[in-house]
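> Got query-v6.pdb for you, PDB, C-alpha atoms and all ligand atoms:
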MODEL        1
ATOM      1  CA  MET G   1       0.000   0.000   0.000
ATOM      2  CA  ARG G   2       1.414   3.357  -1.026
ATOM      3  CA  ARG G   3       0.711   6.743   0.535
ATOM      4  CA  GLU G   4       0.980   8.517  -2.788
ATOM      5  CA  ILE G   5       0.611   7.400  -6.363
ATOM      6  CA  THR G   6       0.011   8.841  -9.790
ATOM      7  CA  THR G   7      -2.409   6.795 -11.849
ATOM      8  CA  HIS G   8      -2.673   7.017 -15.620
ATOM      9  CA  SER G   9      -6.147   5.586 -16.231
ATOM     10  CA  PRO G  10      -9.450   4.938 -14.431
ATOM     11  CA  GLU G  11      -8.440   1.272 -14.229
ATOM     12  CA  GLU G  12      -5.281   2.163 -12.337
ATOM     13  CA  THR G  13      -7.272   4.327  -9.941
ATOM     14  CA  MET G  14      -9.680   1.452  -9.292
ATOM     15  CA  ALA G  15      -6.729  -0.880  -8.729
ATOM     16  CA  PHE G  16      -5.320   1.542  -6.182
ATOM     17  CA  GLY G  17      -8.727   1.581  -4.479
ATOM     18  CA  ARG G  18      -8.636  -2.207  -4.320
ATOM     19  CA  SER G  19      -5.284  -2.048  -2.535
ATOM     20  CA  LEU G  20      -6.708  -0.084   0.392
ATOM     21  CA  THR G  21      -8.716  -2.771   2.231
ATOM     22  CA  GLU G  22      -6.350  -3.038   5.175
ATOM     23  CA  LEU G  23      -6.152   0.711   5.641
ATOM     24  CA  LEU G  24      -9.943   1.047   5.376
ATOM     25  CA  ALA G  25     -10.836  -1.735   7.809
ATOM     26  CA  PRO G  26     -14.088  -0.579   9.456
ATOM     27  CA  PRO G  27     -15.260   1.423  11.198
ATOM     28  CA  LYS G  28     -13.993   4.319   9.079
ATOM     29  CA  LEU G  29     -15.084   7.743   7.938
ATOM     30  CA  VAL G  30     -13.088   8.817   4.903
ATOM     31  CA  LEU G  31     -13.148  12.121   3.062
ATOM     32  CA  LEU G  32     -12.540  11.943  -0.681
ATOM     33  CA  CYS G  33     -11.260  15.363  -1.709
ATOM     34  CA  GLY G  34     -10.761  16.686  -5.200
ATOM     35  CA  GLU G  35     -12.408  18.725  -7.925
ATOM     36  CA  LEU G  36     -15.206  17.591 -10.238
ATOM     37  CA  GLY G  37     -13.896  14.728 -12.328
ATOM     38  CA  ALA G  38     -10.864  14.153 -10.109
ATOM     39  CA  GLY G  39     -11.718  10.458  -9.842
ATOM     40  CA  LYS G  40     -13.363  10.151  -6.424
ATOM     41  CA  THR G  41     -16.198   7.951  -7.620
ATOM     42  CA  THR G  42     -13.786   5.912  -9.725
ATOM     43  CA  LEU G  43     -11.755   5.195  -6.604
ATOM     44  CA  VAL G  44     -14.901   4.094  -4.738
ATOM     45  CA  LYS G  45     -15.522   1.506  -7.468
ATOM     46  CA  GLY G  46     -12.259  -0.213  -6.569
ATOM     47  CA  ILE G  47     -12.854   0.045  -2.834
ATOM     48  CA  ALA G  48     -16.390  -1.387  -3.008
ATOM     49  CA  ALA G  49     -15.196  -4.206  -5.265
ATOM     50  CA  ALA G  50     -12.340  -5.120  -2.931
ATOM     51  CA  PHE G  51     -14.786  -5.560  -0.041
ATOM     52  CA  GLU G  52     -17.049  -7.658  -2.311
ATOM     53  CA  ALA G  53     -19.757  -5.081  -1.705
ATOM     54  CA  ALA G  54     -20.390  -4.272  -5.392
ATOM     55  CA  ALA G  55     -19.058  -4.886  -8.856
ATOM     56  CA  GLU G  56     -17.110  -1.910 -10.146
ATOM     57  CA  GLU G  57     -19.603  -1.261 -12.941
ATOM     58  CA  ASP G  58     -22.476  -1.140 -10.455
ATOM     59  CA  VAL G  59     -20.989   1.699  -8.446
ATOM     60  CA  THR G  60     -22.397   4.969  -9.754
ATOM     61  CA  SER G  61     -22.301   8.512  -8.494
ATOM     62  CA  PRO G  62     -24.835   9.252  -5.738
ATOM     63  CA  THR G  63     -25.307  12.702  -7.242
ATOM     64  CA  PHE G  64     -29.064  12.916  -6.689
ATOM     65  CA  THR G  65     -29.688  10.164  -4.151
ATOM     66  CA  LEU G  66     -26.786  11.462  -2.005
ATOM     67  CA  VAL G  67     -26.158   8.080  -0.353
ATOM     68  CA  HIS G  68     -25.511   4.710  -1.966
ATOM     69  CA  GLU G  69     -25.214   1.586   0.154
ATOM     70  CA  TYR G  70     -23.189  -1.454  -0.908
ATOM     71  CA  ARG G  71     -23.376  -4.505   1.330
ATOM     72  CA  GLY G  72     -20.532  -6.971   1.410
ATOM     73  CA  PRO G  73     -20.180 -10.119   3.502
ATOM     74  CA  ARG G  74     -18.322  -8.355   6.296
ATOM     75  CA  VAL G  75     -18.524  -4.677   5.483
ATOM     76  CA  VAL G  76     -21.107  -2.113   4.425
ATOM     77  CA  VAL G  77     -19.726   0.604   2.173
ATOM     78  CA  TYR G  78     -21.639   3.883   2.101
ATOM     79  CA  HIS G  79     -20.802   6.221  -0.758
ATOM     80  CA  ILE G  80     -21.980   9.734  -0.036
ATOM     81  CA  ASP G  81     -21.937  12.821  -2.260
ATOM     82  CA  LEU G  82     -22.446  16.150  -0.471
ATOM     83  CA  TYR G  83     -21.902  18.353  -3.541
ATOM     84  CA  ARG G  84     -25.506  19.508  -3.470
ATOM     85  CA  VAL G  85     -25.804  19.702   0.301
ATOM     86  CA  ASP G  86     -25.174  23.244   1.482
ATOM     87  CA  THR G  87     -26.209  23.684   5.090
ATOM     88  CA  ALA G  88     -25.524  21.848   8.326
ATOM     89  CA  ARG G  89     -29.274  21.492   8.692
ATOM     90  CA  GLU G  90     -29.627  19.718   5.345
ATOM     91  CA  LEU G  91     -26.697  17.540   6.282
ATOM     92  CA  GLU G  92     -28.438  16.536   9.469
ATOM     93  CA  THR G  93     -31.508  15.295   7.597
ATOM     94  CA  LEU G  94     -29.305  12.712   5.881
ATOM     95  CA  GLY G  95     -28.734  10.993   9.218
ATOM     96  CA  LEU G  96     -25.177   9.981   8.440
ATOM     97  CA  ASP G  97     -24.528   9.315  12.132
ATOM     98  CA  ASP G  98     -26.989   6.430  11.943
ATOM     99  CA  LEU G  99     -24.862   4.806   9.244
ATOM    100  CA  ARG G 100     -21.810   4.593  11.461
ATOM    101  CA  SER G 101     -21.329   1.141  12.922
ATOM    102  CA  ASP G 102     -18.584  -1.360  13.648
ATOM    103  CA  ASN G 103     -18.716  -2.754  10.130
ATOM    104  CA  SER G 104     -19.354   0.382   8.101
ATOM    105  CA  ILE G 105     -17.098   2.490   5.913
ATOM    106  CA  LEU G 106     -18.341   5.950   4.951
ATOM    107  CA  LEU G 107     -16.697   7.334   1.820
ATOM    108  CA  ILE G 108     -17.702  10.977   1.520
ATOM    109  CA  GLU G 109     -17.265  13.217  -1.523
ATOM    110  CA  TRP G 110     -17.318  16.981  -0.826
ATOM    111  CA  GLY G 111     -17.418  16.367   2.941
ATOM    112  CA  GLU G 112     -14.631  18.880   3.534
ATOM    113  CA  LYS G 113     -17.240  21.635   3.144
ATOM    114  CA  PHE G 114     -18.423  20.792   6.646
ATOM    115  CA  PRO G 115     -16.106  21.543   9.581
ATOM    116  CA  ARG G 116     -17.446  18.631  11.648
ATOM    117  CA  PHE G 117     -15.848  16.126   9.302
ATOM    118  CA  HIS G 118     -12.406  17.638   9.754
ATOM    119  CA  ASN G 119     -12.528  16.267  13.295
ATOM    120  CA  GLU G 120     -14.503  13.110  12.627
ATOM    121  CA  ARG G 121     -12.607  11.807   9.655
ATOM    122  CA  ASP G 122     -10.220   8.892  10.088
ATOM    123  CA  LEU G 123      -8.538   9.457   6.761
ATOM    124  CA  GLU G 124      -8.538  11.869   3.852
ATOM    125  CA  ILE G 125      -7.788  10.802   0.304
ATOM    126  CA  GLY G 126      -6.879  13.683  -1.975
ATOM    127  CA  LEU G 127      -7.193  13.318  -5.743
ATOM    128  CA  GLU G 128      -5.758  15.812  -8.160
ATOM    129  CA  ARG G 129      -6.107  15.888 -11.934
ATOM    130  CA  THR G 130      -2.646  16.640 -13.281
ATOM    131  CA  ASN G 131      -3.647  16.152 -16.901
ATOM    132  CA  GLN G 132      -6.302  14.434 -19.036
ATOM    133  CA  SER G 133      -5.512  10.947 -17.785
ATOM    134  CA  ASP G 134      -3.199  11.411 -14.816
ATOM    135  CA  ARG G 135      -4.382  11.661 -11.227
ATOM    136  CA  ARG G 136      -2.200  12.225  -8.189
ATOM    137  CA  ILE G 137      -3.685  10.428  -5.205
ATOM    138  CA  GLN G 138      -2.502  11.096  -1.660
ATOM    139  CA  LEU G 139      -3.457   9.511   1.652
ATOM    140  CA  LYS G 140      -3.517  11.852   4.636
ATOM    141  CA  ASP G 141      -4.129  10.725   8.223
TER     142      ASP G 141
HETATM  143  N1  LIG G 201      -6.297   8.226 -13.899
HETATM  144  C1  LIG G 201      -7.631   8.396 -13.808
HETATM  145  N2  LIG G 201      -8.260   8.066 -12.650
HETATM  146  C2  LIG G 201      -9.582   8.266 -12.513
HETATM  147  N3  LIG G 201     -10.396   8.776 -13.448
HETATM  148  C3  LIG G 201      -9.818   9.126 -14.627
HETATM  149  C4  LIG G 201      -8.432   8.943 -14.847
HETATM  150  N4  LIG G 201      -8.132   9.377 -16.102
HETATM  151  C5  LIG G 201      -9.281   9.800 -16.629
HETATM  152  N5  LIG G 201     -10.313   9.652 -15.771
HETATM  153  C6  LIG G 201     -11.697  10.059 -16.011
HETATM  154  O1  LIG G 201     -12.014  11.098 -15.110
HETATM  155  C7  LIG G 201     -13.381  10.986 -14.694
HETATM  156  C8  LIG G 201     -13.454  10.826 -13.207
HETATM  157  O2  LIG G 201     -14.808  10.849 -12.844
HETATM  158  P1  LIG G 201     -15.346  10.557 -11.377
HETATM  159  O3  LIG G 201     -16.814  10.485 -11.463
HETATM  160  O4  LIG G 201     -14.622   9.417 -10.760
HETATM  161  O5  LIG G 201     -14.900  11.909 -10.623
HETATM  162  P2  LIG G 201     -15.411  12.515  -9.274
HETATM  163  O6  LIG G 201     -14.191  13.039  -8.591
HETATM  164  O7  LIG G 201     -16.239  11.546  -8.530
HETATM  165  O8  LIG G 201     -16.285  13.769  -9.745
HETATM  166  P3  LIG G 201     -17.609  14.428  -9.098
HETATM  167  O9  LIG G 201     -17.131  15.420  -8.053
HETATM  168  O10 LIG G 201     -18.244  15.111 -10.255
HETATM  169  O11 LIG G 201     -18.457  13.342  -8.506
HETATM  170  C9  LIG G 201     -13.954   9.787 -15.417
HETATM  171  O12 LIG G 201     -14.569  10.242 -16.610
HETATM  172  C10 LIG G 201     -12.712   8.965 -15.752
HETATM  173  O13 LIG G 201     -12.873   8.151 -16.888
HETATM  174 MG    MG G 202     -18.150  11.553  -7.778
ENDMDL
END
As structure tokens - that is how I would like this structure written.
Ligand SMILES: Nc1ncnc2c1ncn2[C@@H]1O[C@H](COP(=O)(O)OP(=O)(O)OP(=O)(O)O)[C@@H](O)[C@H]1O
Ligand SMILES: [Mg+2]

Amino acid sequence: MRREITTHSPEETMAFGRSLTELLAPPKLVLLCGELGAGKTTLVKGIAAAFEAAAEEDVTSPTFTLVHEYRGPRVVVYHIDLYRVDTARELETLGLDDLRSDNSILLIEWGEKFPRFHNERDLEIGLERTNQSDRRIQLKD
């Protein structure tokens, strides 16, 4: 497992996601940080697949539903997209606290907008588009 990597395709980003199972052993709350199209959802595909919670092609962006749940044999992966959530009050209605449990992993896109997650997060994964097909991915405790 590497703390920093540059990937050159979506497939490589998914493969990196698959390599993170040990680091992401539940319970975890993880912020996925990076601009639109940085590859956050692509990374979740690999993570969900590694925990046998979903096939990569079945993981799609929770843009409108805000929360997607993928159940694996030992782990539940929640993929959350807060891009369209603007206030702490709206955030509260999502009830994310209820999703936290001994076997859950919360992977949150755009969570850094909310100060509470800066304290609550176990890990931050930063993704940066360095060109059309290259993404720099960094793990930050
Ligand atoms: N090395 C790479 N890693 C990941 N995605 C890549 C890479 N190279 C190109 N791409 C493309 O970049 C896009 C990444 O989209 P993705 O939905 O994962 O981004 P996102 O960070 O979740 O964006 P959003 O904030 O809009 O949800 C995809 O179209 C993917 O094919
Ligand atoms: Mg996304």
> Please, which residues have at least one atom within 10 Å of an atom of ligand MG 202 (chain G), using only C-alpha atoms and all ligand atoms, listed as an mmCIF file with C-alpha atoms, in the coordinates of the input?

data_model
loop_
_atom_site.group_PDB
_atom_site.id
_atom_site.type_symbol
_atom_site.label_atom_id
_atom_site.label_comp_id
_atom_site.auth_asym_id
_atom_site.auth_seq_id
_atom_site.Cartn_x
_atom_site.Cartn_y
_atom_site.Cartn_z
ATOM 1 C CA LEU G 32 -12.540 11.943 -0.681
ATOM 2 C CA CYS G 33 -11.260 15.363 -1.709
ATOM 3 C CA GLY G 34 -10.761 16.686 -5.200
ATOM 4 C CA GLU G 35 -12.408 18.725 -7.925
ATOM 5 C CA LEU G 36 -15.206 17.591 -10.238
ATOM 6 C CA GLY G 37 -13.896 14.728 -12.328
ATOM 7 C CA ALA G 38 -10.864 14.153 -10.109
ATOM 8 C CA GLY G 39 -11.718 10.458 -9.842
ATOM 9 C CA LYS G 40 -13.363 10.151 -6.424
ATOM 10 C CA THR G 41 -16.198 7.951 -7.620
ATOM 11 C CA THR G 42 -13.786 5.912 -9.725
ATOM 12 C CA LEU G 43 -11.755 5.195 -6.604
ATOM 13 C CA VAL G 44 -14.901 4.094 -4.738
ATOM 14 C CA THR G 60 -22.397 4.969 -9.754
ATOM 15 C CA SER G 61 -22.301 8.512 -8.494
ATOM 16 C CA PRO G 62 -24.835 9.252 -5.738
ATOM 17 C CA THR G 63 -25.307 12.702 -7.242
ATOM 18 C CA HIS G 79 -20.802 6.221 -0.758
ATOM 19 C CA ILE G 80 -21.980 9.734 -0.036
ATOM 20 C CA ASP G 81 -21.937 12.821 -2.260
ATOM 21 C CA LEU G 82 -22.446 16.150 -0.471
ATOM 22 C CA TYR G 83 -21.902 18.353 -3.541
ATOM 23 C CA ILE G 108 -17.702 10.977 1.520
ATOM 24 C CA GLU G 109 -17.265 13.217 -1.523
ATOM 25 C CA TRP G 110 -17.318 16.981 -0.826
#
> Need the shell around Gly72 (chain G): protein/DNA/RNA residues with any atom at most 6 Å away, counting all atoms listed in the file. Skip same-chain ones fewer than 3 positions apart. Format as a compact mmCIF listing (two decimals) with C-alpha atoms, keeping the file's coordinate frame?

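And here is the file that came out, part-v5.txt:
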# COMPACT_ATOMS: atom_id res chain seq x y z
CA GLU G 52 -17.05 -7.66 -2.31
CA ALA G 53 -19.76 -5.08 -1.70
CA VAL G 75 -18.52 -4.68 5.48
CA VAL G 76 -21.11 -2.11 4.42
> Just the number, please: distance in Å from CA of Gly126 (chain G) to CA of Asn103 (chain G), one decimal.
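It comes out at 23.6 Å.
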> Select, counting all atoms listed in the file, all protein, DNA and RNA residues no farther than 12 Å from (-17.7, 4.7, 4.3) in file coordinates, and express the selection as number ranges by chain.
G: 21, 24-32, 44, 47-48, 51, 53, 67-71, 75-81, 96-97, 99-109, 111, 121-124
> Between CA of Met14 (chain G) and CA of Lys45 (chain G), what distance in Å does the model show, to one decimal?
6.1 Å
> Around ligand LIG 201 (chain G), with edges along x, y and z and 3 Å added on all six sides, what centre and edge lengths do you get, in Å to one decimal, as AutoDock Vina command-line options?

--center_x -12.4 --center_y 11.7 --center_z -12.5 --size_x 18.2 --size_y 13.4 --size_z 14.8
> Mind pulling up the distance from CA of Gly17 (chain G) to CA of Arg129 (chain G)?
16.3 Å
> Using only C-alpha atoms and all ligand atoms, which of the listed residues (G:Ala50, G:Ala55, G:Val85, G:Leu127) sits closest to ligand LIG 201 (chain G)?
G:Leu127
> Using all atoms listed in the file, find the one residue out of G:Glu120, G:Glu4, G:Glu57, G:Glu128 that sits nearest to ligand LIG 201 (chain G).
G:Glu128
> Calculated over all atoms listed in the file, which of the candidates G:Arg2, G:His8, G:Arg89, G:Arg84 has the smallest distance to ligand LIG 201 (chain G)?
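The closest residue to ligand LIG 201 (chain G) is G:His8.
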> Using all atoms listed in the file, which residue out of G:Pro73, G:Thr87, G:Ser133, G:Asp141 lies closest to ligand LIG 201 (chain G)?
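For ligand LIG 201 (chain G), the nearest of the given residues is G:Ser133.
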> My list of candidates is G:Arg18, G:Lys113, G:Lys140, G:Arg135. Which is closest to ligand LIG 201 (chain G) when distances are computed with only C-alpha atoms and all ligand atoms?
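Once distances to ligand LIG 201 (chain G) are computed over only C-alpha atoms and all ligand atoms, the minimum belongs to G:Arg135.
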> Can you give me N, CA and C atoms for region 85-119 of chain G, written as a PDB file, in the coordinates of the input?

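Once written, out28.pdb looks like this:
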ATOM      1  N   VAL G  85     -25.354  19.434  -1.068  1.00  0.00           N
ATOM      2  CA  VAL G  85     -25.804  19.702   0.301  1.00  0.00           C
ATOM      3  C   VAL G  85     -25.059  20.938   0.799  1.00  0.00           C
ATOM      4  N   ASP G  86     -25.821  21.966   1.194  1.00  0.00           N
ATOM      5  CA  ASP G  86     -25.174  23.244   1.482  1.00  0.00           C
ATOM      6  C   ASP G  86     -25.174  23.661   2.943  1.00  0.00           C
ATOM      7  N   THR G  87     -26.142  23.211   3.701  1.00  0.00           N
ATOM      8  CA  THR G  87     -26.209  23.684   5.090  1.00  0.00           C
ATOM      9  C   THR G  87     -26.089  22.520   6.067  1.00  0.00           C
ATOM     10  N   ALA G  88     -25.655  22.863   7.280  1.00  0.00           N
ATOM     11  CA  ALA G  88     -25.524  21.848   8.326  1.00  0.00           C
ATOM     12  C   ALA G  88     -26.881  21.211   8.598  1.00  0.00           C
ATOM     13  N   ARG G  89     -27.926  22.003   8.440  1.00  0.00           N
ATOM     14  CA  ARG G  89     -29.274  21.492   8.692  1.00  0.00           C
ATOM     15  C   ARG G  89     -29.662  20.416   7.664  1.00  0.00           C
ATOM     16  N   GLU G  90     -29.376  20.716   6.399  1.00  0.00           N
ATOM     17  CA  GLU G  90     -29.627  19.718   5.345  1.00  0.00           C
ATOM     18  C   GLU G  90     -28.818  18.452   5.600  1.00  0.00           C
ATOM     19  N   LEU G  91     -27.577  18.671   6.014  1.00  0.00           N
ATOM     20  CA  LEU G  91     -26.697  17.540   6.282  1.00  0.00           C
ATOM     21  C   LEU G  91     -27.308  16.648   7.356  1.00  0.00           C
ATOM     22  N   GLU G  92     -27.859  17.284   8.360  1.00  0.00           N
ATOM     23  CA  GLU G  92     -28.438  16.536   9.469  1.00  0.00           C
ATOM     24  C   GLU G  92     -29.579  15.633   9.017  1.00  0.00           C
ATOM     25  N   THR G  93     -30.372  16.104   8.051  1.00  0.00           N
ATOM     26  CA  THR G  93     -31.508  15.295   7.597  1.00  0.00           C
ATOM     27  C   THR G  93     -31.060  14.006   6.918  1.00  0.00           C
ATOM     28  N   LEU G  94     -29.795  13.945   6.506  1.00  0.00           N
ATOM     29  CA  LEU G  94     -29.305  12.712   5.881  1.00  0.00           C
ATOM     30  C   LEU G  94     -29.061  11.604   6.907  1.00  0.00           C
ATOM     31  N   GLY G  95     -28.915  11.992   8.160  1.00  0.00           N
ATOM     32  CA  GLY G  95     -28.734  10.993   9.218  1.00  0.00           C
ATOM     33  C   GLY G  95     -27.486  10.143   9.064  1.00  0.00           C
ATOM     34  N   LEU G  96     -26.405  10.762   8.657  1.00  0.00           N
ATOM     35  CA  LEU G  96     -25.177   9.981   8.440  1.00  0.00           C
ATOM     36  C   LEU G  96     -24.686   9.308   9.718  1.00  0.00           C
ATOM     37  N   ASP G  97     -24.974   9.916  10.870  1.00  0.00           N
ATOM     38  CA  ASP G  97     -24.528   9.315  12.132  1.00  0.00           C
ATOM     39  C   ASP G  97     -25.124   7.922  12.318  1.00  0.00           C
ATOM     40  N   ASP G  98     -26.332   7.737  11.801  1.00  0.00           N
ATOM     41  CA  ASP G  98     -26.989   6.430  11.943  1.00  0.00           C
ATOM     42  C   ASP G  98     -26.316   5.352  11.098  1.00  0.00           C
ATOM     43  N   LEU G  99     -25.521   5.779  10.125  1.00  0.00           N
ATOM     44  CA  LEU G  99     -24.862   4.806   9.244  1.00  0.00           C
ATOM     45  C   LEU G  99     -23.564   4.277   9.860  1.00  0.00           C
ATOM     46  N   ARG G 100     -23.080   4.997  10.858  1.00  0.00           N
ATOM     47  CA  ARG G 100     -21.810   4.593  11.461  1.00  0.00           C
ATOM     48  C   ARG G 100     -22.034   3.370  12.346  1.00  0.00           C
ATOM     49  N   SER G 101     -21.237   2.345  12.101  1.00  0.00           N
ATOM     50  CA  SER G 101     -21.329   1.141  12.922  1.00  0.00           C
ATOM     51  C   SER G 101     -20.000   0.410  12.816  1.00  0.00           C
ATOM     52  N   ASP G 102     -19.864  -0.646  13.587  1.00  0.00           N
ATOM     53  CA  ASP G 102     -18.584  -1.360  13.648  1.00  0.00           C
ATOM     54  C   ASP G 102     -18.140  -1.894  12.297  1.00  0.00           C
ATOM     55  N   ASN G 103     -19.098  -2.165  11.420  1.00  0.00           N
ATOM     56  CA  ASN G 103     -18.716  -2.754  10.130  1.00  0.00           C
ATOM     57  C   ASN G 103     -18.957  -1.817   8.945  1.00  0.00           C
ATOM     58  N   SER G 104     -19.074  -0.523   9.220  1.00  0.00           N
ATOM     59  CA  SER G 104     -19.354   0.382   8.101  1.00  0.00           C
ATOM     60  C   SER G 104     -18.158   1.270   7.746  1.00  0.00           C
ATOM     61  N   ILE G 105     -18.083   1.559   6.454  1.00  0.00           N
ATOM     62  CA  ILE G 105     -17.098   2.490   5.913  1.00  0.00           C
ATOM     63  C   ILE G 105     -17.884   3.583   5.205  1.00  0.00           C
ATOM     64  N   LEU G 106     -17.700   4.817   5.624  1.00  0.00           N
ATOM     65  CA  LEU G 106     -18.341   5.950   4.951  1.00  0.00           C
ATOM     66  C   LEU G 106     -17.306   6.630   4.070  1.00  0.00           C
ATOM     67  N   LEU G 107     -17.579   6.671   2.783  1.00  0.00           N
ATOM     68  CA  LEU G 107     -16.697   7.334   1.820  1.00  0.00           C
ATOM     69  C   LEU G 107     -17.432   8.585   1.348  1.00  0.00           C
ATOM     70  N   ILE G 108     -16.933   9.744   1.705  1.00  0.00           N
ATOM     71  CA  ILE G 108     -17.702  10.977   1.520  1.00  0.00           C
ATOM     72  C   ILE G 108     -17.029  11.918   0.534  1.00  0.00           C
ATOM     73  N   GLU G 109     -17.727  12.210  -0.564  1.00  0.00           N
ATOM     74  CA  GLU G 109     -17.265  13.217  -1.523  1.00  0.00           C
ATOM     75  C   GLU G 109     -17.788  14.583  -1.075  1.00  0.00           C
ATOM     76  N   TRP G 110     -16.969  15.601  -1.166  1.00  0.00           N
ATOM     77  CA  TRP G 110     -17.318  16.981  -0.826  1.00  0.00           C
ATOM     78  C   TRP G 110     -17.651  17.154   0.655  1.00  0.00           C
ATOM     79  N   GLY G 111     -17.170  16.252   1.500  1.00  0.00           N
ATOM     80  CA  GLY G 111     -17.418  16.367   2.941  1.00  0.00           C
ATOM     81  C   GLY G 111     -16.602  17.462   3.589  1.00  0.00           C
ATOM     82  N   GLU G 112     -15.510  17.870   2.926  1.00  0.00           N
ATOM     83  CA  GLU G 112     -14.631  18.880   3.534  1.00  0.00           C
ATOM     84  C   GLU G 112     -15.315  20.241   3.651  1.00  0.00           C
ATOM     85  N   LYS G 113     -16.476  20.394   3.002  1.00  0.00           N
ATOM     86  CA  LYS G 113     -17.240  21.635   3.144  1.00  0.00           C
ATOM     87  C   LYS G 113     -17.726  21.829   4.578  1.00  0.00           C
ATOM     88  N   PHE G 114     -17.839  20.723   5.305  1.00  0.00           N
ATOM     89  CA  PHE G 114     -18.423  20.792   6.646  1.00  0.00           C
ATOM     90  C   PHE G 114     -17.351  20.587   7.711  1.00  0.00           C
ATOM     91  N   PRO G 115     -17.175  21.609   8.575  1.00  0.00           N
ATOM     92  CA  PRO G 115     -16.106  21.543   9.581  1.00  0.00           C
ATOM     93  C   PRO G 115     -16.159  20.282  10.444  1.00  0.00           C
ATOM     94  N   ARG G 116     -17.364  19.780  10.734  1.00  0.00           N
ATOM     95  CA  ARG G 116     -17.446  18.631  11.648  1.00  0.00           C
ATOM     96  C   ARG G 116     -16.634  17.443  11.150  1.00  0.00           C
ATOM     97  N   PHE G 117     -16.553  17.296   9.833  1.00  0.00           N
ATOM     98  CA  PHE G 117     -15.848  16.126   9.302  1.00  0.00           C
ATOM     99  C   PHE G 117     -14.333  16.253   9.418  1.00  0.00           C
ATOM    100  N   HIS G 118     -13.856  17.486   9.581  1.00  0.00           N
ATOM    101  CA  HIS G 118     -12.406  17.638   9.754  1.00  0.00           C
ATOM    102  C   HIS G 118     -11.956  16.964  11.050  1.00  0.00           C
ATOM    103  N   ASN G 119     -12.841  16.959  12.045  1.00  0.00           N
ATOM    104  CA  ASN G 119     -12.528  16.267  13.295  1.00  0.00           C
ATOM    105  C   ASN G 119     -12.878  14.793  13.224  1.00  0.00           C
TER     106      ASN G 119
END
